[in-house]
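So this block is work-v7.cif, mmCIF, C-alpha atoms:
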```
data_final
#
loop_
_atom_site.label_atom_id
_atom_site.label_comp_id
_atom_site.auth_asym_id
_atom_site.auth_seq_id
_atom_site.Cartn_x
_atom_site.Cartn_y
_atom_site.Cartn_z
CA MET H 1 91.92 93.51 97.93
CA ASP H 2 93.69 96.22 95.92
CA LYS H 3 91.55 98.90 97.55
CA TYR H 4 92.92 97.86 100.96
CA LEU H 5 96.51 97.66 99.71
CA ASN H 6 96.14 101.25 98.53
CA ARG H 7 94.67 102.60 101.76
CA GLY H 8 96.47 104.33 104.66
CA ILE H 9 97.47 101.89 107.41
CA LYS H 10 95.69 103.79 110.18
CA GLU H 11 92.44 103.58 108.23
CA VAL H 12 92.95 99.85 107.62
CA ILE H 13 93.71 99.16 111.31
CA SER H 14 90.77 101.30 112.33
CA GLU H 15 88.42 99.18 110.19
CA PHE H 16 90.14 95.89 111.07
CA PRO H 17 91.74 96.32 114.53
CA ALA H 18 92.99 92.71 114.55
CA ILE H 19 95.54 93.65 111.86
CA GLY H 20 97.46 95.88 114.31
CA PRO H 21 98.75 93.09 116.58
CA ILE H 22 99.60 90.98 113.52
CA LEU H 23 101.81 93.77 112.14
CA ASP H 24 103.44 94.03 115.58
CA GLU H 25 104.39 90.34 115.37
CA TYR H 26 106.40 91.13 112.23
CA ASN H 27 108.05 94.16 113.91
CA ILE H 28 106.03 96.51 111.70
CA GLY H 29 105.32 99.15 114.30
CA CYS H 30 102.49 101.04 112.55
CA THR H 31 100.20 100.78 115.58
CA LEU H 32 102.49 103.27 117.37
CA CYS H 33 102.63 105.72 114.46
CA GLY H 34 100.85 108.98 115.10
CA VAL H 35 100.23 109.68 111.43
CA GLY H 36 99.49 106.35 109.77
CA THR H 37 98.96 107.54 106.21
CA CYS H 38 101.49 105.10 104.66
CA LEU H 39 99.75 102.71 102.28
CA LEU H 40 99.42 99.08 103.38
CA LYS H 41 101.26 97.87 100.25
CA ASP H 42 104.16 100.29 100.85
CA ILE H 43 104.47 99.20 104.47
CA VAL H 44 104.75 95.53 103.59
CA GLN H 45 107.19 96.26 100.75
CA VAL H 46 109.41 98.62 102.69
CA HIS H 47 109.97 96.16 105.53
CA ASN H 48 111.69 93.79 103.09
CA LEU H 49 110.28 90.62 104.63
CA GLN H 50 111.43 87.21 103.50
CA PRO H 51 109.09 86.06 100.68
CA GLU H 52 107.61 83.30 102.87
CA GLU H 53 107.08 85.77 105.75
CA GLU H 54 105.37 88.18 103.40
CA ARG H 55 103.09 85.44 102.06
CA GLU H 56 102.18 84.42 105.61
CA LEU H 57 101.53 88.02 106.69
CA MET H 58 99.41 88.84 103.66
CA GLY H 59 97.51 85.56 104.11
CA ARG H 60 96.66 86.51 107.70
CA ILE H 61 95.62 90.02 106.68
CA SER H 62 93.39 88.77 103.87
CA GLY H 63 91.90 86.26 106.35
CA ILE H 64 90.76 89.19 108.48
CA VAL H 65 89.57 91.36 105.61
CA PHE H 66 87.78 88.50 103.83
CA PRO H 67 86.99 85.89 106.49
CA GLY H 68 86.33 82.45 105.10
CA ARG H 69 87.61 83.34 101.63
CA HIS H 70 90.95 82.48 100.08
CA VAL H 71 92.48 85.61 98.57
CA GLU H 72 95.98 85.42 97.09
CA LEU H 73 97.85 88.67 97.32
CA SER H 74 101.40 89.83 97.15
CA VAL H 75 102.89 93.28 97.09
CA THR H 76 106.35 92.20 95.96
CA ALA H 77 105.51 89.52 93.41
CA GLY H 78 108.48 88.76 91.20
CA ARG H 79 111.06 89.79 93.76
CA SER H 80 113.95 87.35 93.90
CA ALA H 81 113.73 84.84 96.71
CA ALA H 82 117.37 85.59 97.43
CA SER H 83 116.57 89.19 98.31
CA GLY H 84 115.43 88.29 101.81
CA LYS H 85 115.83 90.46 104.87
CA PRO H 86 119.53 91.27 105.11
CA GLU H 87 121.52 92.26 108.14
CA ILE H 88 121.32 96.06 108.22
CA LYS H 89 124.47 97.53 106.76
CA TYR H 90 124.16 101.16 105.80
CA SER H 91 125.82 103.07 103.01
CA PRO H 92 128.40 105.61 104.23
CA ALA H 93 125.87 108.43 103.69
CA MET H 94 123.17 106.77 105.77
CA GLN H 95 125.66 105.58 108.40
CA GLY H 96 126.36 109.22 109.28
CA LEU H 97 122.66 109.81 110.00
CA VAL H 98 122.49 106.64 112.10
CA ASP H 99 125.51 107.85 114.10
CA GLU H 100 123.69 111.15 114.76
CA HIS H 101 120.67 109.15 115.95
CA ALA H 102 122.94 107.48 118.50
CA VAL H 103 123.79 110.90 119.97
CA ILE H 104 120.12 111.98 120.03
CA LYS H 105 119.08 108.69 121.65
CA ARG H 106 121.51 109.32 124.53
CA VAL H 107 119.56 112.49 125.37
CA LEU H 108 116.17 110.84 124.85
CA ALA H 109 117.19 108.11 127.30
CA MET H 110 117.70 110.80 129.95
CA VAL H 111 114.38 112.63 129.40
CA PRO H 112 112.57 110.73 132.20
CA VAL H 113 115.28 111.62 134.75
CA ILE H 114 115.52 115.21 133.48
CA ILE H 115 111.81 115.82 134.09
CA GLU H 116 111.54 113.87 137.33
CA GLY H 117 110.89 116.36 140.12
CA LEU H 118 111.42 119.26 137.71
CA ASP H 119 110.72 122.64 139.31
CA ALA H 120 110.57 125.53 136.85
CA SER H 121 110.93 128.05 139.67
CA ARG H 122 114.52 126.86 140.29
CA ASP H 123 117.26 128.48 138.18
CA GLU H 124 119.16 125.20 137.85
CA ASP H 125 116.11 123.40 136.45
CA ARG H 126 115.25 126.26 134.11
CA THR H 127 118.81 126.18 132.73
CA LEU H 128 118.59 122.39 132.27
CA VAL H 129 115.34 122.71 130.32
CA ARG H 130 116.77 125.48 128.13
CA ASP H 131 119.99 123.53 127.48
CA THR H 132 118.07 120.39 126.55
CA VAL H 133 115.81 122.38 124.24
CA ASP H 134 118.90 123.99 122.73
CA PHE H 135 120.27 120.48 122.01
CA ILE H 136 117.00 119.42 120.40
CA ARG H 137 116.69 122.56 118.31
CA SER H 138 120.30 122.95 117.20
CA TYR H 139 121.53 119.34 116.94
CA ALA H 140 118.45 117.16 116.41
CA ASP H 141 116.50 119.67 114.32
CA ARG H 142 118.58 122.32 112.56
CA TYR H 143 121.50 119.92 111.97
CA HIS H 144 120.10 116.37 111.69
CA HIS H 145 116.47 116.80 110.60
CA ALA H 146 117.43 119.55 108.15
CA LYS H 147 119.84 117.10 106.48
CA GLU H 148 116.91 114.76 105.96
CA GLU H 149 114.37 117.37 104.87
CA GLU H 150 116.60 119.51 102.67
CA ILE H 151 118.92 116.86 101.22
CA LEU H 152 117.94 113.20 101.73
CA PHE H 153 114.18 113.38 101.20
CA LYS H 154 114.69 115.53 98.09
CA GLU H 155 116.18 112.45 96.38
CA PHE H 156 112.72 110.87 96.59
CA ASP H 157 109.22 111.82 95.53
CA GLU H 158 108.08 114.28 98.17
CA ASN H 159 104.50 113.13 97.66
CA LEU H 160 105.44 109.65 98.86
CA GLU H 161 103.33 108.96 101.96
CA MET H 162 106.34 107.60 103.83
CA VAL H 163 108.30 110.81 103.34
CA LYS H 164 105.28 112.85 104.42
CA VAL H 165 104.95 110.76 107.59
CA PHE H 166 108.55 111.34 108.65
CA ASN H 167 108.27 115.06 107.87
CA GLU H 168 105.09 115.17 109.93
CA ASP H 169 106.94 113.62 112.90
CA HIS H 170 109.46 116.48 112.67
CA ARG H 171 106.63 119.01 112.70
CA ILE H 172 104.92 117.41 115.70
CA GLY H 173 108.28 117.30 117.52
CA ARG H 174 108.76 121.04 116.96
CA GLY H 175 105.31 121.59 118.47
CA HIS H 176 106.31 119.69 121.63
CA VAL H 177 109.49 121.76 121.98
CA LYS H 178 107.62 125.04 121.49
CA ALA H 179 105.11 123.97 124.15
CA VAL H 180 107.95 123.15 126.59
CA LEU H 181 109.37 126.66 126.25
CA GLU H 182 105.95 128.32 126.59
CA ALA H 183 105.25 126.31 129.74
CA LEU H 184 108.67 127.24 131.10
CA GLU H 185 107.71 130.91 130.86
CA THR H 186 104.54 130.33 132.89
CA GLY H 187 106.23 127.91 135.30
CA ASP H 188 103.84 125.08 134.36
CA ASN H 189 105.86 122.02 135.45
CA ARG H 190 103.24 119.48 134.43
CA THR H 191 103.02 120.76 130.85
CA ILE H 192 106.80 120.84 130.54
CA GLN H 193 106.95 117.22 131.67
CA GLU H 194 104.14 116.11 129.35
CA HIS H 195 105.66 117.70 126.27
CA PHE H 196 109.19 116.50 127.03
CA MET H 197 107.84 112.95 127.40
CA GLY H 198 105.74 113.39 124.26
CA TYR H 199 108.83 114.47 122.35
CA GLY H 200 110.90 111.59 123.77
CA GLU H 201 108.33 108.96 122.84
CA LEU H 202 107.74 110.44 119.39
CA LEU H 203 111.40 110.65 118.49
CA THR H 204 112.31 107.25 119.95
CA GLY H 205 109.80 105.56 117.64
CA HIS H 206 110.73 107.85 114.75
CA ILE H 207 114.43 106.98 115.01
CA LYS H 208 113.72 103.25 115.31
CA ARG H 209 111.60 103.33 112.15
CA GLU H 210 114.24 105.32 110.29
CA ASP H 211 117.10 103.05 111.38
CA GLU H 212 115.29 99.79 110.74
CA VAL H 213 113.00 100.60 107.84
CA LEU H 214 113.35 103.96 106.10
CA TYR H 215 117.13 104.20 105.72
CA PRO H 216 117.61 100.58 104.57
CA TRP H 217 114.79 101.08 102.07
CA MET H 218 116.33 104.32 100.83
CA ASP H 219 119.74 102.65 100.56
CA ARG H 220 118.20 99.94 98.40
CA ASN H 221 116.65 102.54 96.11
CA LEU H 222 119.53 105.00 95.74
CA SER H 223 122.17 104.58 93.06
CA THR H 224 125.87 104.52 93.94
CA SER H 225 126.19 107.97 92.40
CA GLN H 226 123.33 109.35 94.52
CA ILE H 227 124.97 107.91 97.65
CA GLY H 228 128.18 109.72 96.68
CA ARG H 229 126.36 113.04 96.26
CA LEU H 230 124.53 112.64 99.55
CA PHE H 231 127.77 111.76 101.34
CA SER H 232 129.44 114.85 99.93
CA ARG H 233 126.54 117.19 100.82
CA PHE H 234 126.27 115.74 104.33
CA ALA H 235 130.02 116.27 104.78
CA SER H 236 129.56 119.89 103.80
CA VAL H 237 126.79 120.33 106.41
CA ASP H 238 128.99 118.57 109.00
CA GLY H 239 131.64 121.20 108.32
CA GLN H 240 129.18 124.07 108.75
CA PHE H 241 127.89 122.61 112.02
CA ARG H 242 131.27 121.63 113.50
CA ASP H 243 130.91 124.05 116.44
CA VAL H 244 127.32 122.99 117.12
CA ARG H 245 128.30 119.32 117.07
CA GLU H 246 131.21 119.85 119.45
CA LYS H 247 129.13 121.95 121.83
CA GLN H 248 126.16 119.58 121.89
CA GLU H 249 128.20 116.39 122.12
CA ALA H 250 129.94 117.94 125.13
CA PHE H 251 126.49 118.79 126.59
CA VAL H 252 125.41 115.13 126.23
CA LYS H 253 128.54 113.98 128.08
CA THR H 254 127.95 116.52 130.84
CA LEU H 255 124.35 115.39 131.15
CA GLU H 256 125.39 111.75 131.38
CA GLU H 257 128.02 112.51 133.98
CA LYS H 258 125.55 114.57 136.01
CA TYR H 259 122.94 111.83 136.18
CA LYS H 260 125.43 109.02 136.62
CA HIS H 261 126.83 111.05 139.50
CA GLU H 262 123.37 111.46 141.07
CA GLU H 263 122.62 107.77 140.65
CA VAL H 264 125.78 106.91 142.60
CA LYS H 265 124.71 109.30 145.38
CA MET X 1 144.33 67.15 101.96
CA ALA X 2 146.38 67.38 98.81
CA PHE X 3 147.78 70.74 97.77
CA GLU X 4 145.74 71.92 94.80
CA GLY X 5 147.76 74.96 93.87
CA CYS X 6 146.89 78.64 93.73
CA PRO X 7 143.12 79.20 93.34
CA GLY X 8 143.94 82.23 91.22
CA SER X 9 145.57 80.14 88.50
CA LYS X 10 143.83 76.78 89.02
CA MET X 11 142.30 75.57 85.78
CA ALA X 12 138.52 75.45 85.44
CA TYR X 13 136.31 74.90 82.41
CA PHE X 14 132.68 75.97 82.03
CA PRO X 15 131.36 74.61 78.74
CA ARG X 16 128.46 76.67 77.40
CA ASN X 17 125.76 75.64 74.98
CA VAL X 18 126.08 78.56 72.60
CA GLU X 19 123.04 77.50 70.54
CA GLN X 20 120.77 77.42 73.58
CA GLU X 21 121.98 80.81 74.80
CA GLY X 22 121.17 82.32 71.42
CA ALA X 23 123.06 84.83 69.37
CA PRO X 24 124.38 87.93 71.14
CA ALA X 25 122.61 91.20 70.41
CA ALA X 26 124.27 92.85 67.46
CA ASN X 27 126.39 95.97 67.92
CA VAL X 28 126.33 96.22 71.71
CA THR X 29 127.41 99.78 72.47
CA SER X 30 130.61 100.21 74.44
CA GLN X 31 130.20 102.23 77.63
CA LEU X 32 133.90 103.10 77.78
CA ARG X 33 134.29 106.87 77.60
CA GLN X 34 138.04 107.37 78.02
CA TRP X 35 141.50 106.13 77.13
CA PRO X 36 143.83 104.91 78.62
CA VAL X 37 142.36 102.66 81.29
CA GLN X 38 145.32 100.86 82.89
CA LEU X 39 146.00 102.31 86.35
CA HIS X 40 149.71 102.91 85.63
CA LEU X 41 148.76 104.90 82.54
CA VAL X 42 145.89 107.03 83.77
CA SER X 43 146.33 110.40 85.44
CA PRO X 44 144.11 111.42 88.37
CA MET X 45 144.14 114.88 86.80
CA ALA X 46 142.40 113.65 83.63
CA PRO X 47 139.12 115.50 83.06
CA TYR X 48 137.05 112.34 82.96
CA PHE X 49 137.96 111.57 86.60
CA GLN X 50 136.97 114.96 88.03
CA GLY X 51 133.98 114.46 90.36
CA ALA X 52 133.28 111.11 88.69
CA ASP X 53 131.95 107.81 89.90
CA VAL X 54 135.05 105.70 89.36
CA LEU X 55 135.18 101.98 88.72
CA LEU X 56 138.48 100.33 89.67
CA SER X 57 138.25 96.89 88.17
CA ALA X 58 140.56 93.89 88.35
CA ASP X 59 141.68 92.97 84.82
CA CYS X 60 139.73 89.71 84.65
CA VAL X 61 136.35 91.14 85.73
CA ALA X 62 135.30 92.45 82.33
CA TYR X 63 135.86 89.00 80.78
CA ALA X 64 133.90 87.17 83.48
CA LEU X 65 130.85 89.47 83.52
CA GLY X 66 128.70 89.24 80.42
CA ASN X 67 126.99 92.55 81.18
CA PHE X 68 130.05 94.48 82.34
CA HIS X 69 129.56 97.44 80.02
CA SER X 70 125.81 97.92 80.42
CA ASP X 71 125.44 97.25 84.14
CA TYR X 72 128.75 98.24 85.74
CA LEU X 73 130.84 100.47 83.47
CA LYS X 74 127.98 102.68 82.27
CA GLY X 75 128.28 106.20 83.65
CA LYS X 76 131.63 105.59 85.31
CA ALA X 77 135.26 106.48 84.68
CA LEU X 78 137.46 103.38 84.62
CA ALA X 79 140.84 102.19 85.85
CA ILE X 80 141.99 98.58 85.66
CA ALA X 81 144.78 96.73 87.42
CA CYS X 82 145.93 93.28 88.45
CA PRO X 83 147.01 93.06 92.08
CA LYS X 84 148.73 89.73 91.43
CA LEU X 85 150.86 90.45 88.40
CA ASP X 86 151.33 94.22 88.18
CA ALA X 87 154.59 95.77 89.41
CA GLU X 88 155.18 98.92 91.48
CA GLN X 89 151.87 98.84 93.28
CA ASP X 90 152.92 101.62 95.65
CA ILE X 91 152.27 103.88 92.64
CA TYR X 92 148.73 102.49 92.55
CA VAL X 93 148.16 103.62 96.13
CA GLU X 94 149.29 107.14 95.23
CA LYS X 95 147.12 107.16 92.10
CA ILE X 96 144.01 106.12 94.03
CA LYS X 97 144.81 108.69 96.70
CA GLY X 98 145.11 111.26 93.90
CA LEU X 99 141.68 110.28 92.59
CA ILE X 100 140.15 110.80 96.02
CA GLU X 101 141.97 114.02 96.92
CA ASP X 102 142.74 115.78 93.65
CA ALA X 103 140.08 114.51 91.25
CA LYS X 104 137.54 114.72 94.11
CA ILE X 105 135.75 111.68 92.78
CA ASN X 106 132.15 111.10 93.90
CA THR X 107 132.41 107.37 94.61
CA LEU X 108 134.87 104.53 94.12
CA THR X 109 133.62 101.07 93.19
CA ILE X 110 136.13 98.23 93.32
CA MET X 111 135.32 95.10 91.33
CA ILE X 112 137.45 92.06 92.02
CA MET X 113 137.34 88.37 91.19
CA GLN X 114 136.57 85.77 93.84
CA VAL X 115 140.11 84.37 93.80
CA PRO X 116 142.06 85.27 96.98
CA CYS X 117 144.87 87.19 95.26
CA CYS X 118 142.35 89.66 93.83
CA SER X 119 141.48 91.03 97.27
CA GLY X 120 144.84 92.80 97.06
CA LEU X 121 143.19 95.45 94.86
CA LEU X 122 140.64 96.22 97.57
CA LYS X 123 143.45 96.45 100.13
CA LEU X 124 145.31 98.95 97.94
CA ALA X 125 142.18 101.09 97.72
CA GLU X 126 141.60 100.90 101.47
CA GLN X 127 145.22 101.88 102.09
CA ALA X 128 144.86 104.88 99.78
CA ALA X 129 141.57 105.91 101.40
CA GLN X 130 143.05 105.74 104.88
CA THR X 131 145.87 108.09 103.98
CA ALA X 132 143.72 110.50 101.98
CA ASN X 133 142.56 113.68 103.70
CA ARG X 134 139.20 113.47 101.99
CA LYS X 135 136.63 110.72 102.48
CA VAL X 136 134.64 109.11 99.71
CA PRO X 137 132.12 106.23 99.70
CA ILE X 138 133.82 103.01 98.57
CA LYS X 139 131.87 100.00 97.45
CA TYR X 140 133.27 96.60 96.50
CA MET X 141 131.86 93.80 94.44
CA VAL X 142 133.20 90.27 94.22
CA VAL X 143 132.66 88.49 90.91
CA GLY X 144 132.60 84.71 90.54
CA VAL X 145 134.64 83.04 87.83
CA GLN X 146 131.41 82.14 86.03
CA GLY X 147 130.24 85.74 85.94
CA GLU X 148 127.96 85.99 88.96
CA ILE X 149 128.08 88.74 91.61
CA LEU X 150 128.96 86.94 94.83
CA GLN X 151 129.16 89.89 97.17
CA GLU X 152 128.42 93.60 97.14
CA ALA X 153 129.01 95.86 100.13
CA TRP X 154 130.18 99.29 101.24
CA VAL X 155 133.64 99.43 102.76
#
```
Here is a file; write its structure as structure tokens.
Amino acid sequence: MDKYLNRGIKEVISEFPAIGPILDEYNIGCTLCGVGTCLLKDIVQVHNLQPEEERELMGRISGIVFPGRHVELSVTAGRSAASGKPEIKYSPAMQGLVDEHAVIKRVLAMVPVIIEGLDASRDEDRTLVRDTVDFIRSYADRYHHAKEEEILFKEFDENLEMVKVFNEDHRIGRGHVKAVLEALETGDNRTIQEHFMGYGELLTGHIKREDEVLYPWMDRNLSTSQIGRLFSRFASVDGQFRDVREKQEAFVKTLEEKYKHEEVK
Amino acid sequence: MAFEGCPGSKMAYFPRNVEQEGAPAANVTSQLRQWPVQLHLVSPMAPYFQGADVLLSADCVAYALGNFHSDYLKGKALAIACPKLDAEQDIYVEKIKGLIEDAKINTLTIMIMQVPCCSGLLKLAEQAAQTANRKVPIKYMVVGVQGEILQEAWV
């Protein structure tokens, strides 16, 4: 079974499709991941399931991989039974990143209404696309994602599959944004819509996995001193990006007011 | 229900079978790297506090926790206080504020006993943090009278 525990989850699901829905039942959303190179053992470990849940999950997986055979397997053997799934409470360093996610999610929630009936030949729509892209590039990417890539992820082994997967999401997201701007130049409404939706779906799943899985796992593996250093370095970045934050948070409010206003109409 | 007195001074006895627990390891190394340690006596300007991970411990904690030095004091600068018996605790608030603002400490960990009066030390730290113009991660740990960690959380 070790060879399956040490294989990328996409590969495992591809060979045994029935494992995908089982992972979904345990809120392990790997079936939606576009990359899927995290190892099966890491995925089970990082979700911090209750020991009995983990036993049940691994039993069901081994039942699919080795039908009719009883194979005992555990990825967290020896972990204290008391270390079950806790209510998510972030360290102050990670809480800041979660708060930034909340701002980004407010824009993602409006992506479907932003692109509905979008007409790139209209100045108003072109400005809206450019402003939304400016939010994504300056707030979500240069401010928030750079904190992760240049500070947070550096505290961990950069060869860790999980870190690679989240970095890859950032790269794919940048591709969507670039495609939106290129399509804006050619007035290709359909492509703008497709890539905005692609970005929205990608980042919605990405944020959910970070909030519910990656950050809690990182919190569990960082020392108090590391948390202090991260908090201090994030605070320094917050200071450098004060103007960007103020500008983009105001943009989000304006966007919300605009669409709330149109809904009332 | 009969009044049983203050939980902080209520008598309890936990007999231990010393023979079963075995002899303690010889020459356990102290992790203390400074003097003094009492909060009234320390200065936030002391070099060992600058940029440090600071442990603010209630007096009784080190006696309750068998592995205090190796697991909790190691790598940290220390201040100790008793929120029940110590006088002039407004000075404590200023000292903690000085650690946050002037010594620019990296983190502050508060260790208190489970008895209700001990939570006063956490309140002093929270009061100091609220008035400080610099923010720092603060963690607290509650220690049971028999030496177990009952709670650990970020403030």
Using all atoms listed in the file, find the one residue out of H:Arg130, H:Lys253, H:Lys105, H:Arg220 that sits nearest to chain X.
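That would be H:Arg220, the residue with the smallest distance to chain X.
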Would you translate the PyMOL selection byres ((chain H) within 7 of (chain X)) into the concrete set of residues it matches in this file, as a ChimeraX atom specification?
/H:91-92,225,228-229
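The residues caught by the PyMOL selection byres ((chain H and resi 115) around 10) in this file are H:Met110, H:Val111, H:Pro112, H:Val113, H:Ile114, H:Glu116, H:Gly117, H:Leu118, H:Asp119, H:Asp125, H:Leu128, H:Val129, H:Asn189, H:Arg190, H:Ile192, H:Gln193, H:Glu194, H:Phe196, H:Met197.
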Find the residues with any atom within 6 Å of (135.0, 90.9, 92.3); use all atoms listed in the file and the coordinates as given in the file, and write the answer as a VMD selection string.
chain X and resid 111 to 114 141 to 143
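The protein and nucleic acid residues lying at most 10 Å from H:Glu201 are Leu32, Leu108, Ala109, Val111, Gly173, His195, Phe196, Met197, Gly205 and His206 of chain H, with only C-alpha atoms considered and sequence neighbours fewer than 4 positions away removed.
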Within 12 Å of H:Ile172, counting all atoms listed in the file, which residues qualify if same-chain residues fewer than 5 places away don't, as a ChimeraX atom specification?
/H:33-35,141,165-167,177-179,195,198-203,206
Is there a way to get, as a PyMOL selection string, all residues within 10 Å of the point (122.4, 116.9, 122.4) in file coordinates, counting all atoms listed in the file?
chain H and resi 100+103-108+131-140+244-253+255
Since we have the selection now, will you write its residues out, keeping C-alpha atoms, as a compact mmCIF listing (two decimals), keeping the file's coordinate frame?
```
# COMPACT_ATOMS: atom_id res chain seq x y z
CA GLU H 100 123.69 111.15 114.76
CA VAL H 103 123.79 110.90 119.97
CA ILE H 104 120.12 111.98 120.03
CA LYS H 105 119.08 108.69 121.65
CA ARG H 106 121.51 109.32 124.53
CA VAL H 107 119.56 112.49 125.37
CA LEU H 108 116.17 110.84 124.85
CA ASP H 131 119.99 123.53 127.48
CA THR H 132 118.07 120.39 126.55
CA VAL H 133 115.81 122.38 124.24
CA ASP H 134 118.90 123.99 122.73
CA PHE H 135 120.27 120.48 122.01
CA ILE H 136 117.00 119.42 120.40
CA ARG H 137 116.69 122.56 118.31
CA SER H 138 120.30 122.95 117.20
CA TYR H 139 121.53 119.34 116.94
CA ALA H 140 118.45 117.16 116.41
CA VAL H 244 127.32 122.99 117.12
CA ARG H 245 128.30 119.32 117.07
CA GLU H 246 131.21 119.85 119.45
CA LYS H 247 129.13 121.95 121.83
CA GLN H 248 126.16 119.58 121.89
CA GLU H 249 128.20 116.39 122.12
CA ALA H 250 129.94 117.94 125.13
CA PHE H 251 126.49 118.79 126.59
CA VAL H 252 125.41 115.13 126.23
CA LYS H 253 128.54 113.98 128.08
CA LEU H 255 124.35 115.39 131.15
```
Expand the PyMOL selection byres ((chain X and resi 123) around 12) into the explicit residue set it covers here, and present it as JSON, numbers by chain.
{"X": [83, 89, 90, 92, 93, 96, 110, 112, 116, 117, 118, 119, 120, 121, 122, 124, 125, 126, 127, 128, 129, 130, 138, 140, 155]}
I'd like the neighbourhood of X:Ala77 as a ChimeraX atom specification, where a residue qualifies if any of its atoms comes within 8 Å (using all atoms listed in the file), though same-chain residues fewer than 4 positions away should be ignored.
/X:32-34,48-49,52-55,73
Atom CA of X:Gln151 to atom CA of H:Asp211, straight-line distance in Å
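That distance, rounded to one decimal, is 22.8 Å.
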Neighbours of H:Pro21 within 10 Å (only C-alpha atoms; same-chain residues fewer than 6 positions away dropped), as a PyMOL selection string?
chain H and resi 13+27-31
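The two atoms in question, atom CA of H:Arg171 and atom CA of H:Glu148, are spaced 13.0 Å apart.
Going from atom CA of H:Pro51 to atom CA of H:Tyr4 covers 20.0 Å.
Minimum atom-to-atom distance to H:Asp243, evaluated using only C-alpha atoms, belongs to H:Tyr143 out of H:His170, H:Gln50, H:Tyr143, H:Glu185.
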